[in-house]
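Have a look at input-v8.cif; it's mmCIF, C-alpha atoms and all ligand atoms:
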data_run
loop_
_atom_site.label_atom_id
_atom_site.label_comp_id
_atom_site.auth_asym_id
_atom_site.auth_seq_id
_atom_site.Cartn_x
_atom_site.Cartn_y
_atom_site.Cartn_z
CA MET A 11 22.35 31.54 25.49
CA ALA A 12 24.91 29.46 23.67
CA ASN A 13 25.43 28.24 20.11
CA TYR A 14 25.88 24.61 19.15
CA SER A 15 26.14 22.71 15.91
CA ILE A 16 25.70 19.10 14.82
CA ASP A 17 26.65 17.56 11.51
CA THR A 18 24.30 14.81 10.35
CA LYS A 19 25.52 14.72 6.75
CA GLY A 20 25.34 11.25 5.25
CA LEU A 21 22.37 10.31 7.44
CA LEU A 22 18.91 10.04 5.99
CA CYS A 23 15.66 11.15 7.61
CA PRO A 24 14.52 10.66 10.24
CA MET A 25 18.04 10.31 11.67
CA PRO A 26 18.83 14.06 11.42
CA VAL A 27 15.60 14.75 13.32
CA ILE A 28 16.49 12.19 15.97
CA LYS A 29 20.00 13.64 16.36
CA ALA A 30 18.55 17.15 16.65
CA GLN A 31 15.93 15.98 19.14
CA ASN A 32 18.49 14.24 21.34
CA ARG A 33 20.83 17.25 21.26
CA VAL A 34 18.07 19.73 22.00
CA ALA A 35 17.13 17.65 25.06
CA THR A 36 20.51 18.57 26.58
CA LEU A 37 20.24 22.33 25.85
CA ASN A 38 18.56 25.26 27.60
CA PRO A 39 15.74 27.50 26.34
CA GLY A 40 17.21 30.24 24.15
CA ASP A 41 20.18 28.16 23.03
CA HIS A 42 20.77 27.90 19.30
CA LEU A 43 21.44 24.60 17.56
CA GLU A 44 22.59 24.47 13.96
CA VAL A 45 21.81 21.18 12.20
CA LEU A 46 23.65 20.34 8.99
CA SER A 47 22.30 17.57 6.79
CA SER A 48 22.61 16.16 3.30
CA ASP A 49 19.00 14.96 3.21
CA PRO A 50 16.64 17.58 1.76
CA GLY A 51 13.87 15.91 3.79
CA ALA A 52 15.43 17.54 6.87
CA LEU A 53 14.22 20.92 5.56
CA SER A 54 10.65 19.90 6.22
CA ASP A 55 11.05 17.30 8.97
CA ILE A 56 13.14 19.36 11.41
CA PRO A 57 10.83 22.41 11.23
CA ALA A 58 7.80 20.09 11.69
CA TRP A 59 9.46 18.55 14.72
CA CYS A 60 10.18 22.04 16.08
CA ARG A 61 6.59 23.22 15.62
CA ILE A 62 5.27 20.17 17.45
CA ASN A 63 7.69 20.40 20.32
CA GLY A 64 7.69 24.16 20.88
CA HIS A 65 11.02 25.22 19.36
CA GLN A 66 11.65 27.97 16.81
CA VAL A 67 13.30 27.67 13.43
CA VAL A 68 15.45 30.80 13.13
CA GLU A 69 16.82 30.08 9.66
CA LYS A 70 16.75 27.31 7.12
CA GLY A 71 18.25 26.89 3.71
CA GLN A 72 19.96 24.71 1.17
CA GLN A 73 23.24 25.24 -0.61
CA GLY A 74 24.03 22.64 -3.21
CA ARG A 75 23.57 19.31 -1.47
CA GLU A 76 23.87 20.72 2.01
CA VAL A 77 20.88 21.63 4.11
CA ARG A 78 21.08 23.83 7.21
CA VAL A 79 18.46 24.46 9.86
CA LEU A 80 19.03 26.78 12.81
CA ILE A 81 16.88 26.02 15.83
CA GLU A 82 16.21 28.15 18.89
CA VAL A 83 15.37 25.92 21.81
CA GLY A 84 11.96 26.73 23.29
CA MET B 10 -9.73 17.78 40.35
CA SER B 11 -6.94 15.30 39.85
CA GLU B 12 -4.48 15.90 37.04
CA ALA B 13 -5.27 14.37 33.64
CA LYS B 14 -3.75 10.93 33.20
CA LYS B 15 -0.96 10.73 30.65
CA VAL B 16 -0.81 8.25 27.81
CA ALA B 17 1.99 7.52 25.35
CA VAL B 18 0.59 6.35 22.00
CA LEU B 19 2.66 4.47 19.42
CA VAL B 20 2.35 6.65 16.33
CA SER B 21 3.41 5.14 13.02
CA GLY B 22 1.89 7.89 10.93
CA GLY B 23 -0.88 5.71 9.53
CA LEU B 24 -4.59 6.19 10.01
CA ASP B 25 -5.02 3.69 12.86
CA SER B 26 -2.60 5.35 15.23
CA MET B 27 -3.99 8.74 14.22
CA LEU B 28 -7.47 7.58 15.23
CA ALA B 29 -6.18 6.05 18.47
CA VAL B 30 -4.67 9.40 19.44
CA LYS B 31 -7.86 11.28 18.63
CA VAL B 32 -10.10 8.84 20.51
CA LEU B 33 -7.96 9.22 23.62
CA GLN B 34 -7.81 13.00 23.28
CA GLU B 35 -11.61 13.03 23.27
CA GLN B 36 -11.45 11.30 26.64
CA GLY B 37 -9.57 14.21 28.12
CA VAL B 38 -6.31 12.40 28.81
CA HIS B 39 -2.95 13.97 27.98
CA VAL B 40 -1.53 12.31 24.86
CA GLU B 41 2.04 12.26 23.52
CA GLY B 42 3.28 10.16 20.61
CA LEU B 43 6.15 7.73 20.36
CA ASN B 44 7.57 6.79 17.00
CA PHE B 45 10.19 4.10 16.60
CA TYR B 46 12.90 4.15 13.97
CA THR B 47 14.17 0.64 13.21
CA GLY B 48 16.16 1.60 10.13
CA PHE B 49 13.70 -0.24 7.90
CA CYS B 50 10.86 2.25 8.20
CA VAL B 51 9.32 3.24 4.88
CA GLU B 52 9.00 6.72 6.28
CA GLY B 53 12.66 7.57 6.23
CA HIS B 54 15.47 7.39 3.73
CA THR B 55 13.45 6.60 0.62
CA HIS B 56 12.70 10.03 -0.69
CA ALA B 57 16.24 11.23 -0.35
CA ILE B 58 17.73 8.77 -2.79
CA ARG B 59 15.89 8.56 -6.08
CA LYS B 60 15.59 11.73 -8.01
CA LYS B 61 12.03 11.08 -9.10
CA ASP B 62 11.05 10.59 -5.45
CA GLN B 63 12.61 13.87 -4.42
CA LYS B 64 9.80 15.71 -6.14
CA LYS B 65 7.23 13.88 -4.04
CA ASP B 66 5.79 15.26 -0.88
CA LYS B 67 8.51 14.92 1.69
CA ARG B 68 6.44 14.91 4.80
CA ASN B 69 7.17 12.48 7.56
CA ASN B 70 3.75 11.04 8.37
CA ALA B 71 4.36 10.51 12.08
CA LEU B 72 5.39 14.15 12.50
CA TRP B 73 2.49 15.22 10.33
CA VAL B 74 -0.04 13.28 12.42
CA ALA B 75 1.41 14.75 15.60
CA GLU B 76 1.11 18.24 14.20
CA GLN B 77 -2.45 17.72 12.97
CA LEU B 78 -3.54 16.50 16.37
CA GLY B 79 -1.45 18.90 18.41
CA ILE B 80 0.61 16.35 20.33
CA LYS B 81 4.30 16.09 21.04
CA LEU B 82 6.12 13.33 19.20
CA HIS B 83 9.24 11.59 20.42
CA ILE B 84 11.18 9.63 17.82
CA LEU B 85 13.19 6.83 19.33
CA ASP B 86 16.20 5.39 17.57
CA ILE B 87 16.08 1.62 18.08
CA VAL B 88 18.31 0.70 15.14
CA ASP B 89 20.89 -1.17 17.22
CA GLU B 90 18.53 -2.99 19.52
CA TYR B 91 16.26 -3.93 16.64
CA LYS B 92 18.95 -6.13 15.17
CA ASP B 93 18.30 -8.86 17.68
CA VAL B 94 14.56 -8.68 16.95
CA LEU B 95 15.11 -9.16 13.25
CA ILE B 96 17.88 -11.72 13.46
CA ASN B 97 16.36 -13.94 16.17
CA PRO B 98 12.60 -13.48 16.21
CA LYS B 99 11.14 -15.86 18.78
CA HIS B 100 7.83 -15.90 16.94
CA GLY B 101 9.32 -16.12 13.45
CA TYR B 102 8.68 -14.11 10.32
CA GLY B 103 5.56 -13.13 8.41
CA ALA B 104 5.17 -13.52 4.67
CA ASN B 105 8.61 -11.98 4.10
CA MET B 106 11.40 -11.08 6.52
CA ASN B 107 9.02 -9.10 8.73
CA PRO B 108 9.14 -10.26 12.34
CA CYS B 109 5.92 -8.37 13.12
CA LEU B 110 4.98 -10.06 16.36
CA ASP B 111 8.42 -9.76 17.95
CA CYS B 112 8.64 -6.24 16.58
CA LYS B 113 5.38 -5.20 18.22
CA ILE B 114 6.37 -6.81 21.51
CA PHE B 115 9.69 -4.98 21.41
CA MET B 116 8.14 -1.61 20.60
CA VAL B 117 5.54 -1.92 23.33
CA LYS B 118 8.27 -2.92 25.77
CA LYS B 119 10.28 0.19 24.82
CA ALA B 120 7.14 2.31 25.13
CA LEU B 121 6.56 0.90 28.60
CA GLN B 122 10.10 1.80 29.57
CA TRP B 123 9.60 5.32 28.19
CA MET B 124 6.30 5.61 30.06
CA GLU B 125 8.00 4.74 33.34
CA GLU B 126 10.93 7.08 32.76
CA HIS B 127 8.64 9.99 31.87
CA ASP B 128 6.03 9.47 34.53
CA PHE B 129 3.22 8.59 32.16
CA ASP B 130 0.32 6.39 33.25
CA PHE B 131 -0.39 4.03 30.37
CA ILE B 132 0.31 3.26 26.72
CA ALA B 133 -1.87 2.75 23.67
CA THR B 134 -1.64 1.55 20.09
CA GLY B 135 -3.88 1.76 17.04
CA GLU B 136 -3.97 -2.02 16.70
CA VAL B 137 -7.17 -3.68 15.56
CA VAL B 138 -8.00 -7.33 16.20
CA GLY B 139 -7.70 -9.34 13.00
CA GLN B 140 -6.27 -6.48 10.96
CA ARG B 141 -2.87 -7.98 10.25
CA PRO B 142 -2.10 -11.65 9.72
CA MET B 143 0.67 -11.90 12.27
CA SER B 144 0.76 -9.32 15.01
CA GLN B 145 -2.87 -8.29 15.18
CA ARG B 146 -4.77 -11.54 15.62
CA LYS B 147 -7.10 -12.33 18.48
CA ASP B 148 -4.61 -14.89 19.80
CA THR B 149 -1.47 -12.78 19.29
CA MET B 150 -2.68 -9.50 20.77
CA PRO B 151 -2.53 -10.87 24.35
CA ILE B 152 1.00 -12.11 23.55
CA VAL B 153 2.02 -8.52 22.83
CA SER B 154 0.61 -7.29 26.16
CA ASN B 155 2.10 -10.18 28.13
CA GLU B 156 5.54 -10.55 26.63
CA SER B 157 6.16 -6.81 26.53
CA GLY B 158 5.37 -6.63 30.23
CA ALA B 159 2.75 -3.94 29.57
CA GLU B 160 -0.09 -6.27 30.60
CA ASP B 161 -3.23 -4.25 31.31
CA LEU B 162 -1.52 -0.90 30.90
CA LEU B 163 -1.77 -1.34 27.15
CA VAL B 164 -4.99 0.04 25.65
CA ARG B 165 -6.13 -0.49 22.06
CA PRO B 166 -8.86 2.13 21.74
CA LEU B 167 -10.02 0.98 18.29
CA CYS B 168 -10.86 -2.56 19.40
CA ALA B 169 -10.95 -2.30 23.20
CA LYS B 170 -14.48 -3.65 23.41
CA ASN B 171 -13.31 -6.94 21.90
CA LEU B 172 -10.64 -7.33 24.57
CA PRO B 173 -10.76 -7.63 28.38
CA PRO B 174 -10.97 -4.28 30.21
CA THR B 175 -7.58 -2.75 30.89
CA LEU B 176 -6.53 -0.93 34.05
CA PRO B 177 -7.22 2.57 32.65
CA GLU B 178 -10.74 1.40 31.76
CA ARG B 179 -11.38 -0.30 35.11
CA GLU B 180 -10.08 2.72 37.01
CA GLY B 181 -12.24 5.06 34.99
CA TRP B 182 -9.30 7.06 33.57
CA ILE B 183 -10.97 6.46 30.23
CA ASP B 184 -14.52 5.36 29.50
CA ARG B 185 -14.68 1.90 27.94
CA GLU B 186 -18.13 2.67 26.55
CA THR B 187 -16.75 5.31 24.21
CA LEU B 188 -14.01 3.04 22.85
CA TYR B 189 -14.50 0.91 19.73
CA ASP B 190 -15.00 -2.69 18.70
CA PHE B 191 -13.37 -2.78 15.27
CA SER B 192 -12.17 -6.15 14.02
CA GLY B 193 -11.07 -7.88 10.85
CA ARG B 194 -9.27 -6.73 7.77
CA THR B 195 -11.86 -4.25 6.59
CA ARG B 196 -10.81 -0.59 6.71
CA LYS B 197 -14.36 0.75 6.52
CA PRO B 198 -14.90 1.44 10.24
CA GLN B 199 -11.61 3.33 10.39
CA MET B 200 -12.54 5.39 7.34
CA ALA B 201 -15.97 6.15 8.77
CA LEU B 202 -14.42 7.26 12.05
CA ALA B 203 -11.90 9.39 10.17
CA ASP B 204 -14.85 11.07 8.45
CA GLN B 205 -16.57 11.61 11.74
CA PHE B 206 -13.44 13.28 13.13
CA GLY B 207 -13.18 15.38 9.99
CA PHE B 208 -9.83 13.92 8.88
CA GLU B 209 -9.57 14.75 5.21
CA ASP B 210 -6.07 13.57 4.62
CA TYR B 211 -4.26 10.58 6.06
CA ALA B 212 -1.56 8.14 5.05
CA THR B 213 -2.57 4.72 3.84
CA PRO B 214 0.59 2.66 3.70
CA ALA B 215 0.22 -0.48 1.63
CA GLY B 216 1.39 -3.70 3.22
CA GLY B 217 3.14 -2.63 6.36
CA CYS B 218 5.12 0.05 8.02
CA CYS B 219 8.52 -1.21 6.91
CA PHE B 220 10.59 -2.59 4.06
CA LEU B 221 10.74 -5.99 5.68
CA THR B 222 7.24 -6.68 4.39
CA ASP B 223 8.53 -6.11 0.85
CA LYS B 224 9.40 -9.27 -1.04
CA SER B 225 12.26 -8.02 -3.15
CA TYR B 226 13.83 -6.23 -0.20
CA SER B 227 13.62 -9.41 1.90
CA VAL B 228 15.21 -11.49 -0.85
CA LYS B 229 18.14 -9.08 -0.95
CA LEU B 230 18.54 -9.19 2.80
CA VAL B 231 18.63 -13.00 2.84
CA ASP B 232 21.10 -12.98 -0.05
CA LEU B 233 23.35 -10.65 1.94
CA TRP B 234 23.28 -12.94 4.96
CA ASN B 235 23.95 -16.02 2.84
CA ALA B 236 26.86 -14.36 1.05
CA ARG B 237 28.46 -13.22 4.28
CA GLY B 238 27.82 -16.50 6.07
CA GLU B 239 26.27 -14.67 9.02
CA ARG B 240 23.00 -13.04 9.87
CA ASP B 241 24.11 -9.53 10.63
CA TYR B 242 23.85 -6.06 9.12
CA GLU B 243 24.92 -2.46 9.54
CA MET B 244 22.94 0.68 8.86
CA ASP B 245 24.74 1.10 5.53
CA ASP B 246 23.62 -2.37 4.44
CA ILE B 247 19.99 -1.51 5.18
CA MET B 248 20.21 1.53 2.97
CA LEU B 249 22.19 -0.03 0.17
CA LEU B 250 19.60 -2.80 -0.15
CA LYS B 251 17.18 -0.06 -1.21
CA VAL B 252 19.37 1.34 -3.92
CA GLY B 253 19.95 0.20 -7.48
CA ARG B 254 19.84 -3.14 -9.24
CA HIS B 255 21.60 -5.91 -7.39
CA ILE B 256 23.40 -8.55 -9.42
CA ARG B 257 25.46 -11.38 -7.97
CA PRO B 258 27.49 -12.98 -10.78
CA ARG B 259 29.69 -14.92 -8.33
CA PRO B 260 29.02 -16.00 -4.75
CA ASN B 261 31.88 -13.86 -3.41
CA PHE B 262 30.69 -10.47 -4.69
CA LYS B 263 27.67 -8.57 -5.90
CA MET B 264 27.26 -5.45 -7.96
CA ILE B 265 24.98 -2.57 -7.04
CA ILE B 266 24.15 -0.71 -10.23
CA SER B 267 22.59 2.72 -9.94
CA ARG B 268 19.44 3.26 -11.97
CA GLU B 269 19.44 7.03 -12.13
CA GLU B 270 21.16 10.21 -11.09
CA GLY B 271 19.86 10.28 -7.53
CA GLU B 272 21.17 6.78 -6.89
CA ASN B 273 24.44 7.67 -8.60
CA ASN B 274 24.89 10.55 -6.16
CA PHE B 275 23.94 8.41 -3.22
CA LEU B 276 26.43 5.68 -4.13
CA GLN B 277 29.16 8.29 -4.61
CA GLY B 278 29.02 8.76 -0.86
CA TYR B 279 30.26 5.19 -0.41
CA ARG B 280 33.26 5.41 -2.71
CA ASN B 281 35.76 5.21 0.11
CA GLN B 282 34.17 2.06 1.48
CA PHE B 283 33.74 0.06 -1.73
CA ILE B 284 35.39 -0.49 -5.08
CA THR B 285 33.36 1.36 -7.71
CA MET B 286 33.43 1.33 -11.48
CA GLN B 287 32.07 3.35 -14.35
CA VAL B 288 32.44 3.31 -18.13
CA ALA B 289 34.84 6.02 -19.38
CA ASP B 290 33.74 8.38 -22.18
CA PHE B 291 30.11 7.20 -22.26
CA ALA B 292 27.11 7.87 -20.05
CA GLY B 293 26.45 4.99 -17.71
CA PRO B 294 25.71 4.01 -14.16
CA LEU B 295 27.99 4.04 -11.15
CA VAL B 296 28.54 0.46 -10.03
CA MET B 297 29.60 -0.61 -6.58
CA ILE B 298 31.26 -3.90 -5.75
CA ASP B 299 30.22 -5.45 -2.45
CA GLY B 300 32.37 -8.40 -1.38
CA VAL B 301 35.86 -9.58 -2.18
CA ALA B 302 36.54 -9.58 -5.91
CA SER B 303 39.65 -10.86 -7.72
CA ALA B 304 41.06 -9.18 -10.84
CA GLU B 305 39.17 -11.71 -12.90
CA ASP B 306 35.94 -10.93 -11.00
CA LEU B 307 36.47 -7.20 -11.59
CA ALA B 308 36.92 -7.81 -15.32
CA LEU B 309 33.65 -9.74 -15.37
CA ALA B 310 31.96 -6.95 -13.40
CA ALA B 311 33.35 -4.40 -15.87
CA ARG B 312 31.84 -6.30 -18.80
CA ILE B 313 28.48 -6.38 -17.02
CA THR B 314 28.78 -2.67 -16.20
CA THR B 315 29.10 -1.75 -19.87
CA ARG B 316 25.78 -3.48 -20.51
CA PHE B 317 23.90 -0.85 -18.48
CA GLY B 318 25.02 2.30 -20.26
CA LYS B 319 25.28 3.94 -23.64
CA ALA B 320 28.41 1.98 -24.54
CA LYS B 321 26.73 -1.39 -24.75
CA THR B 322 26.88 -1.62 -28.54
CA GLU B 323 30.56 -0.65 -28.79
CA PRO B 324 33.08 -3.37 -29.65
CA GLU B 325 35.47 -2.35 -26.90
CA VAL B 326 35.04 -0.01 -23.96
CA THR B 327 37.28 1.41 -21.24
CA VAL B 328 36.07 0.95 -17.70
CA GLU B 329 37.53 2.90 -14.80
CA ILE B 330 37.84 0.92 -11.62
CA ARG B 331 38.31 3.04 -8.54
CA ALA B 332 39.82 1.48 -5.42
CA ARG B 333 38.86 2.54 -1.91
CA ASP B 334 41.97 4.68 -1.65
CA GLY B 335 40.99 6.66 -4.73
CA SER B 336 43.48 5.12 -7.15
CA VAL B 337 41.98 4.44 -10.57
CA GLN B 338 42.81 1.58 -12.90
CA LYS B 339 41.54 1.49 -16.49
CA ILE B 340 40.76 -1.75 -18.28
CA LYS B 341 39.44 -2.41 -21.75
CA VAL B 342 36.60 -4.90 -22.08
CA SER B 343 34.04 -5.99 -24.63
CA PRO B 344 30.46 -5.35 -23.46
CA MET B 345 28.58 -8.44 -22.39
CA SER B 346 25.54 -9.36 -24.42
CA ALA B 347 22.19 -9.25 -22.66
CA ALA B 348 21.81 -13.01 -23.13
CA ASP B 349 25.04 -13.69 -21.26
CA ILE B 350 23.80 -12.02 -18.12
CA GLU B 351 22.15 -14.92 -16.38
CA GLN B 352 18.72 -14.31 -14.93
CA SER B 353 19.75 -16.08 -11.72
CA TRP B 354 22.35 -13.38 -11.11
CA TYR B 355 19.65 -10.81 -10.50
CA ILE B 356 18.82 -10.68 -6.80
S1 LIG A 401 5.73 -4.15 9.30
FE1 LIG A 401 7.84 -3.89 10.08
S2 LIG A 401 7.71 -2.21 11.58
FE2 LIG A 401 5.60 -2.95 11.20
S3 LIG A 401 5.24 -4.48 12.82
FE3 LIG A 401 5.99 -5.58 11.01
S4 LIG A 401 8.20 -5.73 11.29
FE4 LIG A 401 7.46 -4.13 12.69
#
Would you write the structure of this file as structure tokens?
Amino acid sequence: MANYSIDTKGLLCPMPVIKAQNRVATLNPGDHLEVLSSDPGALSDIPAWCRINGHQVVEKGQQGREVRVLIEVG
Amino acid sequence: MSEAKKVAVLVSGGLDSMLAVKVLQEQGVHVEGLNFYTGFCVEGHTHAIRKKDQKKDKRNNALWVAEQLGIKLHILDIVDEYKDVLINPKHGYGANMNPCLDCKIFMVKKALQWMEEHDFDFIATGEVVGQRPMSQRKDTMPIVSNESGAEDLLVRPLCAKNLPPTLPEREGWIDRETLYDFSGRTRKPQMALADQFGFEDYATPAGGCCFLTDKSYSVKLVDLWNARGERDYEMDDIMLLKVGRHIRPRPNFKMIISREEGENNFLQGYRNQFITMQVADFAGPLVMIDGVASAEDLALAARITTRFGKAKTEPEVTVEIRARDGSVQKIKVSPMSAADIEQSWYI
């Protein structure tokens, strides 16, 4: 299991989802991917994408204008 | 028993693609969704900008449809490749700058490529004969199958009975008899089928799936191309065309004037790429200058800027002009009267 992070700040949805999707495709089950975004839409879109594609959202939250979603690859 | 055949369905998030997925699921084939992001999709990047829109439901309809129907959804970024489709559409534009026919051909071609790479058997769309004036006419639907290279691997479950049988139908992977024969602009058959499937909630996008069907957006895009002397754009251009009031007082520059706090914040993110200005000491919008502006142009822009804030009735106002490197210059100007802002400047 390894931890990774991508910064999609400045991009609007669905780009953060696409970046997360493409990164997850290169990872192994159990790996953690942290996605940072400035689009509050990512807080609902990334978890929806995870539910559909069999990944877990470990944590999600917003601080000021920054949104963070932590994914565990399924 | 042989393994279920696999179909990739183009899912926009609207009702038609939702129905197409469901109809194919009922046939027992394995369905996954493909959603294309061109950069102009209504789905993305609208809710994040304007404050009033941030309160709205933020769901992405394509993801929502996939979740409702229990299918995987793959979102494909075609922003770069889409440029050529929009700039040089072989079949031209629709009512606005929407190159729907070329767009459909391109998406189906990409779907075909995806299908081959992922070992799927065929592709499908929610298209209906006669539904849209450009891409979904009886004479243009075969063009989509032919020019995309999909040929008879492309199934349109909602109107299949109006079209020649495709390979999946001829081979018995799916049963043609249980497909539909919808046609024309009416939405009634789709709504009835939605009822039958028990869909209580679905997206009904007005016009089309992207901003290119929007008149005022298209006018701004053409203005941008004319001003730059070339038909090209970057992702930032696509987004900035959505934000604020656009005023072009001189051919060499335009002003993007934020209309509210959300747009103000959004434009702030571009301060290192553009000259920006704002009235000092009074509430007012953030204004961005796109193009090459002389000192005289900036003074004119400053006078226009004062018009859109609380300082408009003052005799003299200080405007702060911020350069890309962060240096700020202050100039004093008299606010322009509403009558002096020519209507033709508004894009
Ligand atoms: S409305 Fe936009 S996305 Fe939809 S087919 Fe036309 S050009 Fe393509």
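Separating atom CA of B:Val18 from atom CA of B:Phe131 is a distance of 8.7 Å.
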> Please, what distance in Å, to one decimal, runs between atom CA of B:Val301 and atom CA of B:Phe283?
Replying inline: 9.9 Å
>> Counting only C-alpha atoms, which residues sit no farther than 6 Å from the position (31.0, -13.0, -2.5) in the file's frame? I'd like them as a VMD selection string.
In response: chain B and resid 236 260 to 262 300 to 301
Contacts between chain B and chain A, please, where a residue of chain A counts if it comes within 7 Å (with all atoms listed in the file); show its shortest atom pair and distance in Å to one decimal, rows by chain and ascending number, as CSV.
residue,atom,partner,partner_atom,distance
A:Leu22,CA,B:His54,CA,4.9
A:Cys23,CA,B:Gly53,CA,4.9
A:Pro24,CA,B:Gly53,CA,5.4
A:Ile28,CA,B:Ile84,CA,6.2
A:Asp49,CA,B:Ala57,CA,5.8
A:Pro50,CA,B:Ala57,CA,6.7
A:Gly51,CA,B:Lys67,CA,5.8
A:Ser54,CA,B:Arg68,CA,6.7
A:Asp55,CA,B:Asn69,CA,6.3
A:Ala58,CA,B:Leu72,CA,6.5
A:Trp59,CA,B:Leu72,CA,6.4
A:Ile62,CA,B:Lys81,CA,5.5
A:Asn63,CA,B:Lys81,CA,5.5
Please check which protein, DNA or RNA residues sit within 10 Å of ligand LIG 401 (chain A), counting all atoms listed in the file, and write them as a PDB file with C-alpha atoms, in the frame of the given file.
ATOM      1  CA  SER B  21       3.410   5.140  13.020  1.00  0.00           C
ATOM      2  CA  PHE B  45      10.190   4.100  16.600  1.00  0.00           C
ATOM      3  CA  TYR B  46      12.900   4.150  13.970  1.00  0.00           C
ATOM      4  CA  THR B  47      14.170   0.640  13.210  1.00  0.00           C
ATOM      5  CA  GLY B  48      16.160   1.600  10.130  1.00  0.00           C
ATOM      6  CA  PHE B  49      13.700  -0.240   7.900  1.00  0.00           C
ATOM      7  CA  CYS B  50      10.860   2.250   8.200  1.00  0.00           C
ATOM      8  CA  VAL B  51       9.320   3.240   4.880  1.00  0.00           C
ATOM      9  CA  TYR B  91      16.260  -3.930  16.640  1.00  0.00           C
ATOM     10  CA  VAL B  94      14.560  -8.680  16.950  1.00  0.00           C
ATOM     11  CA  LEU B  95      15.110  -9.160  13.250  1.00  0.00           C
ATOM     12  CA  TYR B 102       8.680 -14.110  10.320  1.00  0.00           C
ATOM     13  CA  GLY B 103       5.560 -13.130   8.410  1.00  0.00           C
ATOM     14  CA  ASN B 105       8.610 -11.980   4.100  1.00  0.00           C
ATOM     15  CA  MET B 106      11.400 -11.080   6.520  1.00  0.00           C
ATOM     16  CA  ASN B 107       9.020  -9.100   8.730  1.00  0.00           C
ATOM     17  CA  PRO B 108       9.140 -10.260  12.340  1.00  0.00           C
ATOM     18  CA  CYS B 109       5.920  -8.370  13.120  1.00  0.00           C
ATOM     19  CA  LEU B 110       4.980 -10.060  16.360  1.00  0.00           C
ATOM     20  CA  ASP B 111       8.420  -9.760  17.950  1.00  0.00           C
ATOM     21  CA  CYS B 112       8.640  -6.240  16.580  1.00  0.00           C
ATOM     22  CA  LYS B 113       5.380  -5.200  18.220  1.00  0.00           C
ATOM     23  CA  ILE B 114       6.370  -6.810  21.510  1.00  0.00           C
ATOM     24  CA  PHE B 115       9.690  -4.980  21.410  1.00  0.00           C
ATOM     25  CA  MET B 116       8.140  -1.610  20.600  1.00  0.00           C
ATOM     26  CA  ARG B 141      -2.870  -7.980  10.250  1.00  0.00           C
ATOM     27  CA  MET B 143       0.670 -11.900  12.270  1.00  0.00           C
ATOM     28  CA  SER B 144       0.760  -9.320  15.010  1.00  0.00           C
ATOM     29  CA  GLN B 145      -2.870  -8.290  15.180  1.00  0.00           C
ATOM     30  CA  GLY B 216       1.390  -3.700   3.220  1.00  0.00           C
ATOM     31  CA  GLY B 217       3.140  -2.630   6.360  1.00  0.00           C
ATOM     32  CA  CYS B 218       5.120   0.050   8.020  1.00  0.00           C
ATOM     33  CA  CYS B 219       8.520  -1.210   6.910  1.00  0.00           C
ATOM     34  CA  PHE B 220      10.590  -2.590   4.060  1.00  0.00           C
ATOM     35  CA  LEU B 221      10.740  -5.990   5.680  1.00  0.00           C
ATOM     36  CA  THR B 222       7.240  -6.680   4.390  1.00  0.00           C
ATOM     37  CA  ASP B 223       8.530  -6.110   0.850  1.00  0.00           C
TER      38      ASP B 223
END
>> What's around B:Asp190 at 7 Å? Count only C-alpha atoms, leave out sequence neighbours fewer than 5 positions away in its own chain, and write the answer as a PyMOL selection string.
In response: chain B and resi 167-171
Generate N, CA and C atoms for stretch 294-303 of chain B and emit them as an mmCIF file, in the coordinates of the input.
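Contents of result_29.cif, freshly written:
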data_model
loop_
_atom_site.group_PDB
_atom_site.id
_atom_site.type_symbol
_atom_site.label_atom_id
_atom_site.label_comp_id
_atom_site.auth_asym_id
_atom_site.auth_seq_id
_atom_site.Cartn_x
_atom_site.Cartn_y
_atom_site.Cartn_z
ATOM 1 N N PRO B 294 25.932 3.984 -15.598
ATOM 2 C CA PRO B 294 25.710 4.010 -14.160
ATOM 3 C C PRO B 294 27.002 3.904 -13.349
ATOM 4 N N LEU B 295 26.912 4.318 -12.090
ATOM 5 C CA LEU B 295 27.990 4.040 -11.150
ATOM 6 C C LEU B 295 27.688 2.653 -10.575
ATOM 7 N N VAL B 296 28.720 1.835 -10.507
ATOM 8 C CA VAL B 296 28.540 0.460 -10.030
ATOM 9 C C VAL B 296 29.424 0.244 -8.815
ATOM 10 N N MET B 297 28.848 -0.361 -7.796
ATOM 11 C CA MET B 297 29.600 -0.610 -6.580
ATOM 12 C C MET B 297 29.791 -2.098 -6.399
ATOM 13 N N ILE B 298 30.974 -2.476 -5.946
ATOM 14 C CA ILE B 298 31.260 -3.900 -5.750
ATOM 15 C C ILE B 298 31.228 -4.204 -4.259
ATOM 16 N N ASP B 299 30.324 -5.086 -3.865
ATOM 17 C CA ASP B 299 30.220 -5.450 -2.450
ATOM 18 C C ASP B 299 30.729 -6.886 -2.304
ATOM 19 N N GLY B 300 31.789 -7.076 -1.559
ATOM 20 C CA GLY B 300 32.370 -8.400 -1.380
ATOM 21 C C GLY B 300 33.840 -8.354 -1.739
ATOM 22 N N VAL B 301 34.437 -9.524 -1.842
ATOM 23 C CA VAL B 301 35.860 -9.580 -2.180
ATOM 24 C C VAL B 301 35.969 -10.080 -3.619
ATOM 25 N N ALA B 302 36.496 -9.225 -4.488
ATOM 26 C CA ALA B 302 36.540 -9.580 -5.910
ATOM 27 C C ALA B 302 37.989 -9.656 -6.394
ATOM 28 N N SER B 303 38.315 -10.708 -7.134
ATOM 29 C CA SER B 303 39.650 -10.860 -7.720
ATOM 30 C C SER B 303 39.727 -10.004 -8.993
#
